[in-house]
Amino acid sequence: MERWKEILEIAWPLIIANSFWNIQLTIDRLFVGNYSTEALAAATAVMGVFWTPMALLQQTAAYLMTFVAQYYGARRLQMIGPAVWQSIYVSIIGGILILLLIPVAKEIFLAINHSPSIQNLETDYFIAICFSALPTALVASASGFFTGLGNTRIVMWINCSGMVANFIFDYLLIFGKLGFPAMGIKGAGYATAIANCVATGLGFYLILNKSNESEYKILSGWKWDSELMKRFIKYGIPSGLQWALEGLAFTVFLIIIGRMNNGSAALASSGIAVTIMLLSVLPAMGVAQSVSVLVGQHLGENKPKQAEYATWSGLQIAIMYIFTMGITFILFPNFYLNWFHNPEDPKIWMQVSIIVPYLLMYVALFTSFDCMNMIFSFALKGAGDTRFVTIVAMLVPWPLMVIPTYFFKDREGAVYWAWGAASIFIITQAFIFLQRFLGGKWKNMRVIN
């Protein structure tokens, strides 16, 4: 237990914080699924499309965590405030740019060519969810500041506030309660935007104070710093690109699934499987984030051996958790499936209830390897090895997951072939990141001067 203590002290609030975020997403999907199974399919496709630019923005802003961790480890505390503001500027610019996608939303989903009824739902949800981009990025900046310092309990409360707000506004806006209009899937998108505004307000209330000013120059460091911004972009954008590129590949993967012979059922089933999968992946990501923080802090202190030790300890914790969750996916699939039951679409639901248990078997298999992806990629990014991680995200998913899925799409049982290809991709990528970590080049990297 002693070897895990350093990790768990930082990780447990992040595990709970990510669990809050996952509960928020699950509640969102449950409400949408209870409203309409077709709406659930549409929400799955939209999040794939929206996540590509959003991941680039959110994860670029969140890379503040590494700058803060390395400055903290090097005891250059007065540089932390200026770094926070560069992340804020990136969030603002990126959030405004994503709003520019709203006028072309209809054309985007017309090109995807799902059924007309799903296209209309996709367009409505996409327009609504775009308003969440700016506050989501600002939450990432606030969380990056506290996580980099190792003060992860505050991140937990920020995410908790977003979860509670999302639950309330989902209920009010999807179904039209307490005098609010029944907006259906649009209500889910606007609820997410409002919830992230609440979380942003709390986060920056806790950041922008005199205590943080005296220690980190958090108020006086507001000026645009071209040199610091250049380094933030140099390392942060590749980190964001990893998520965006993987998100793009997964979006195309979902689009192809939606074009299969039983596209609506296959897409809804995939959405359910992904939502359930996040129950294991997101808490494990909390461990990976803590690994990234400790790698950054220890490298800032010039202690690479301790950074390596923290990474292996984090992997052990993540594997134990994900393996346990995977067993429940195999043994009790109907427990999870029943959360999404909608008797109003019996024909689609009958197909979904058959498909999902098989997809959960794939999830149980590949998530054990996905924790390797998370731990080692976050360790590499905590050092500054973001370019390599981006190259892997650019080259690996397409030949192993996307292209095979396209060729399988007209086969009988195409959705199972598709998820088999996704499993091969994740397992392969896990061993690529393992090999890079073992090579040790990351030990000599830093993002700070």
# chains A, B, ... in the order shown; residues from 1 in each chain; ligands from 1

$ closest_atom_pairs --of "stretch 62-105 of chain A" --to "stretch 213-223 of chain A" --cutoff "6 Å" --atoms "only C-alpha atoms" --output "Markdown table"
| residue | atom | partner | partner_atom | distance |
| --- | --- | --- | --- | --- |
| A:Leu77 | CA | A:Tyr216 | CA | 5.2 |
| A:Gln78 | CA | A:Tyr216 | CA | 4.6 |
| A:Ile80 | CA | A:Tyr216 | CA | 5.4 |
| A:Gly81 | CA | A:Ile218 | CA | 4.0 |
| A:Pro82 | CA | A:Gly221 | CA | 4.4 |
| A:Trp85 | CA | A:Trp222 | CA | 5.5 |

$ residues_around --residues "stretch 166-177 of chain A" --least-positions-apart "3" --cutoff "12 Å" --atoms "only C-alpha atoms" --output "ChimeraX atom specification"
/A:20-36,39,125,128,132,159-163,180-199

$ write_last_selection --atoms "C-alpha atoms" --output "tab-separated table (two decimals), in the first residue's frame"
chain	number	residue	atom	x	y	z
A	20	PHE	CA	-19.24	12.94	-11.15
A	21	TRP	CA	-18.60	13.85	-14.78
A	22	ASN	CA	-19.52	10.31	-15.82
A	23	ILE	CA	-22.66	10.37	-13.69
A	24	GLN	CA	-23.53	13.67	-15.37
A	25	LEU	CA	-23.11	12.10	-18.80
A	26	THR	CA	-24.98	8.94	-17.78
A	27	ILE	CA	-27.90	10.91	-16.36
A	28	ASP	CA	-27.97	12.93	-19.57
A	29	ARG	CA	-28.13	9.72	-21.63
A	30	LEU	CA	-30.71	8.14	-19.32
A	31	PHE	CA	-33.04	11.12	-19.62
A	32	VAL	CA	-32.53	11.30	-23.38
A	33	GLY	CA	-33.01	7.52	-23.72
A	34	ASN	CA	-36.22	7.66	-21.69
A	35	TYR	CA	-37.42	10.48	-23.90
A	36	SER	CA	-36.68	8.53	-27.13
A	39	ALA	CA	-32.81	10.65	-29.55
A	125	TYR	CA	-28.69	18.75	-30.18
A	128	ALA	CA	-27.50	23.39	-28.22
A	132	SER	CA	-21.23	24.44	-23.70
A	159	ASN	CA	-17.27	18.65	-10.99
A	160	CYS	CA	-19.86	17.95	-8.32
A	161	SER	CA	-21.45	21.37	-8.86
A	162	GLY	CA	-21.66	20.69	-12.60
A	163	MET	CA	-23.22	17.28	-12.05
A	180	PHE	CA	-40.14	25.18	-18.43
A	181	PRO	CA	-40.81	24.17	-22.07
A	182	ALA	CA	-40.34	20.49	-23.00
A	183	MET	CA	-37.32	20.79	-25.29
A	184	GLY	CA	-36.40	17.12	-25.62
A	185	ILE	CA	-32.89	16.51	-26.91
A	186	LYS	CA	-32.23	20.26	-27.24
A	187	GLY	CA	-32.90	20.57	-23.52
A	188	ALA	CA	-30.10	18.09	-22.81
A	189	GLY	CA	-27.64	20.26	-24.74
A	190	TYR	CA	-28.65	23.49	-23.04
A	191	ALA	CA	-28.62	21.77	-19.64
A	192	THR	CA	-24.98	20.78	-20.24
A	193	ALA	CA	-24.08	24.37	-21.14
A	194	ILE	CA	-25.78	25.78	-18.03
A	195	ALA	CA	-24.17	23.13	-15.80
A	196	ASN	CA	-20.70	23.97	-17.08
A	197	CYS	CA	-21.35	27.68	-16.48
A	198	VAL	CA	-22.12	26.83	-12.85
A	199	ALA	CA	-18.90	24.80	-12.56

$ atom_distance --atom1 "atom CA of A:Leu64" --atom2 "atom CA of A:Arg387"
16.2 Å

$ residues_around --residues "A:Leu438" --least-positions-apart "5" --cutoff "10 Å" --atoms "only C-alpha atoms" --output "PyMOL selection string"
chain A and resi 308+376+433

$ closest_atom_pairs --of "stretch 316-340 of chain A" --to "stretch 269-278 of chain A" --cutoff "8 Å" --atoms "only C-alpha atoms" --output "CSV"
residue,atom,partner,partner_atom,distance
A:Tyr336,CA,A:Ile276,CA,7.1
A:Leu337,CA,A:Ile272,CA,7.6
A:Phe340,CA,A:Ile272,CA,7.6

$ write_last_selection --atoms "N, CA and C atoms" --output "PDB file, in the first residue's frame"
ATOM      1  N   TYR A 336     -26.921  -3.145 -16.232  1.00  0.00           N
ATOM      2  CA  TYR A 336     -26.590  -1.874 -16.867  1.00  0.00           C
ATOM      3  C   TYR A 336     -27.583  -1.529 -17.976  1.00  0.00           C
ATOM      4  N   LEU A 337     -27.947  -2.518 -18.776  1.00  0.00           N
ATOM      5  CA  LEU A 337     -28.826  -2.291 -19.917  1.00  0.00           C
ATOM      6  C   LEU A 337     -30.177  -1.732 -19.492  1.00  0.00           C
ATOM      7  N   PHE A 340     -31.364   1.990 -19.455  1.00  0.00           N
ATOM      8  CA  PHE A 340     -31.691   2.725 -20.681  1.00  0.00           C
ATOM      9  C   PHE A 340     -32.995   2.250 -21.328  1.00  0.00           C
TER      10      PHE A 340
END

$ select_by_dssp --residues "stretch 178-239 of chain A" --states "alpha helix (DSSP H)" --output "NGL selection string"
:A and (185-207 or 210-216 or 226-239)

$ atom_distance --atom1 "atom CA of A:Gly420" --atom2 "atom CA of A:Ile256"
14.4 Å

$ closest_atom_pairs --of "stretch 184-235 of chain A" --to "stretch 142-153 of chain A" --cutoff "8 Å" --atoms "only C-alpha atoms" --output "JSON lines"
{"residue": "A:Thr200", "atom": "CA", "partner": "A:Ala142", "partner_atom": "CA", "distance": 7.6}
{"residue": "A:Gly203", "atom": "CA", "partner": "A:Ala142", "partner_atom": "CA", "distance": 5.6}
{"residue": "A:Phe204", "atom": "CA", "partner": "A:Ala142", "partner_atom": "CA", "distance": 6.5}
{"residue": "A:Ile207", "atom": "CA", "partner": "A:Ala142", "partner_atom": "CA", "distance": 7.2}

$ closest_residue --among "A:Tyr72, A:Phe323, A:Trp12, A:Trp398" --to "A:Leu294" --atoms "only C-alpha atoms"
A:Tyr72

$ atom_distance --atom1 "atom CA of A:Gly286" --atom2 "atom CA of A:Val68"
17.3 Å

$ closest_residue --among "A:Arg75, A:Lys5, A:Lys381, A:Arg436" --to "A:Gly240" --atoms "only C-alpha atoms"
A:Lys381

$ residues_around --residues "A:Lys305" --least-positions-apart "5" --cutoff "10 Å" --atoms "only C-alpha atoms" --output "NGL selection string"
:A and (295 or 298-299 or 310-311 or 443)

$ residues_around --residues "A:Pro238" --least-positions-apart "2" --cutoff "10 Å" --atoms "only C-alpha atoms" --output "list in words"
Leu56, Gln59, Thr60, Tyr63, Ile233, Lys234, Tyr235, Gly236, Gly240, Leu241, Gln242, Trp243, Ala244, Leu245, Lys381, Gly384, Asp385, Thr386, Arg387, Phe388, Val389, Thr390 and Ile391 of chain A

$ residues_around --residues "A:Ala45" --least-positions-apart "5" --cutoff "8 Å" --atoms "only C-alpha atoms" --output "VMD selection string"
chain A and resid 122 251 254 to 255 267

$ residues_around --residues "A:Leu101" --least-positions-apart "6" --cutoff "12 Å" --atoms "only C-alpha atoms" --output "PyMOL selection string"
chain A and resi 49-50+53-54+94-95+107-109+123+126-131+133

$ closest_residue --among "A:Tyr358, A:Trp442, A:Phe437, A:Phe407" --to "A:Trp419" --atoms "only C-alpha atoms"
A:Tyr358

$ closest_residue --among "A:Ser91, A:Thr37, A:Asn18, A:Gln86" --to "A:Ser264" --atoms "only C-alpha atoms"
A:Thr37

$ decode --residues "stretch 7-64 of chain A" --atoms "C-alpha atoms" --output "JSON list (two decimals), in the first residue's frame"
[["chain", "number", "residue", "atom", "x", "y", "z"],
["A", 7, "ILE", "CA", -0.79, 8.31, -6.19],
["A", 8, "LEU", "CA", -3.99, 7.80, -4.22],
["A", 9, "GLU", "CA", -3.65, 11.05, -2.25],
["A", 10, "ILE", "CA", -3.93, 12.96, -5.52],
["A", 11, "ALA", "CA", -6.01, 10.41, -7.41],
["A", 12, "TRP", "CA", -9.00, 9.73, -5.17],
["A", 13, "PRO", "CA", -10.56, 13.20, -5.58],
["A", 14, "LEU", "CA", -9.92, 12.99, -9.34],
["A", 15, "ILE", "CA", -11.52, 9.54, -9.44],
["A", 16, "ILE", "CA", -14.59, 10.97, -7.72],
["A", 17, "ALA", "CA", -14.47, 14.09, -9.93],
["A", 18, "ASN", "CA", -14.40, 11.98, -13.09],
["A", 19, "SER", "CA", -17.14, 9.80, -11.62],
["A", 20, "PHE", "CA", -19.24, 12.94, -11.15],
["A", 21, "TRP", "CA", -18.60, 13.85, -14.78],
["A", 22, "ASN", "CA", -19.52, 10.31, -15.82],
["A", 23, "ILE", "CA", -22.66, 10.37, -13.69],
["A", 24, "GLN", "CA", -23.53, 13.67, -15.37],
["A", 25, "LEU", "CA", -23.11, 12.10, -18.80],
["A", 26, "THR", "CA", -24.98, 8.94, -17.78],
["A", 27, "ILE", "CA", -27.90, 10.91, -16.36],
["A", 28, "ASP", "CA", -27.97, 12.93, -19.57],
["A", 29, "ARG", "CA", -28.13, 9.72, -21.63],
["A", 30, "LEU", "CA", -30.71, 8.14, -19.32],
["A", 31, "PHE", "CA", -33.04, 11.12, -19.62],
["A", 32, "VAL", "CA", -32.53, 11.30, -23.38],
["A", 33, "GLY", "CA", -33.01, 7.52, -23.72],
["A", 34, "ASN", "CA", -36.22, 7.66, -21.69],
["A", 35, "TYR", "CA", -37.42, 10.48, -23.90],
["A", 36, "SER", "CA", -36.68, 8.53, -27.13],
["A", 37, "THR", "CA", -34.35, 5.72, -28.24],
["A", 38, "GLU", "CA", -33.84, 7.59, -31.54],
["A", 39, "ALA", "CA", -32.81, 10.65, -29.55],
["A", 40, "LEU", "CA", -30.23, 8.50, -27.75],
["A", 41, "ALA", "CA", -28.84, 7.38, -31.11],
["A", 42, "ALA", "CA", -28.72, 11.01, -32.29],
["A", 43, "ALA", "CA", -26.96, 12.15, -29.08],
["A", 44, "THR", "CA", -24.32, 9.46, -29.59],
["A", 45, "ALA", "CA", -23.58, 10.64, -33.14],
["A", 46, "VAL", "CA", -23.55, 14.32, -32.14],
["A", 47, "MET", "CA", -21.11, 13.82, -29.28],
["A", 48, "GLY", "CA", -18.81, 12.09, -31.72],
["A", 49, "VAL", "CA", -18.91, 15.10, -34.07],
["A", 50, "PHE", "CA", -18.82, 17.71, -31.30],
["A", 51, "TRP", "CA", -16.06, 15.96, -29.37],
["A", 52, "THR", "CA", -13.48, 16.35, -32.16],
["A", 53, "PRO", "CA", -13.10, 20.16, -31.96],
["A", 54, "MET", "CA", -14.10, 20.20, -28.29],
["A", 55, "ALA", "CA", -11.40, 17.71, -27.32],
["A", 56, "LEU", "CA", -8.78, 19.82, -29.07],
["A", 57, "LEU", "CA", -9.89, 22.89, -27.13],
["A", 58, "GLN", "CA", -10.57, 21.25, -23.77],
["A", 59, "GLN", "CA", -7.41, 19.17, -23.61],
["A", 60, "THR", "CA", -5.22, 22.01, -24.86],
["A", 61, "ALA", "CA", -6.59, 24.21, -22.06],
["A", 62, "ALA", "CA", -6.23, 21.35, -19.57],
["A", 63, "TYR", "CA", -2.52, 20.94, -20.44],
["A", 64, "LEU", "CA", -2.07, 23.82, -18.02]]
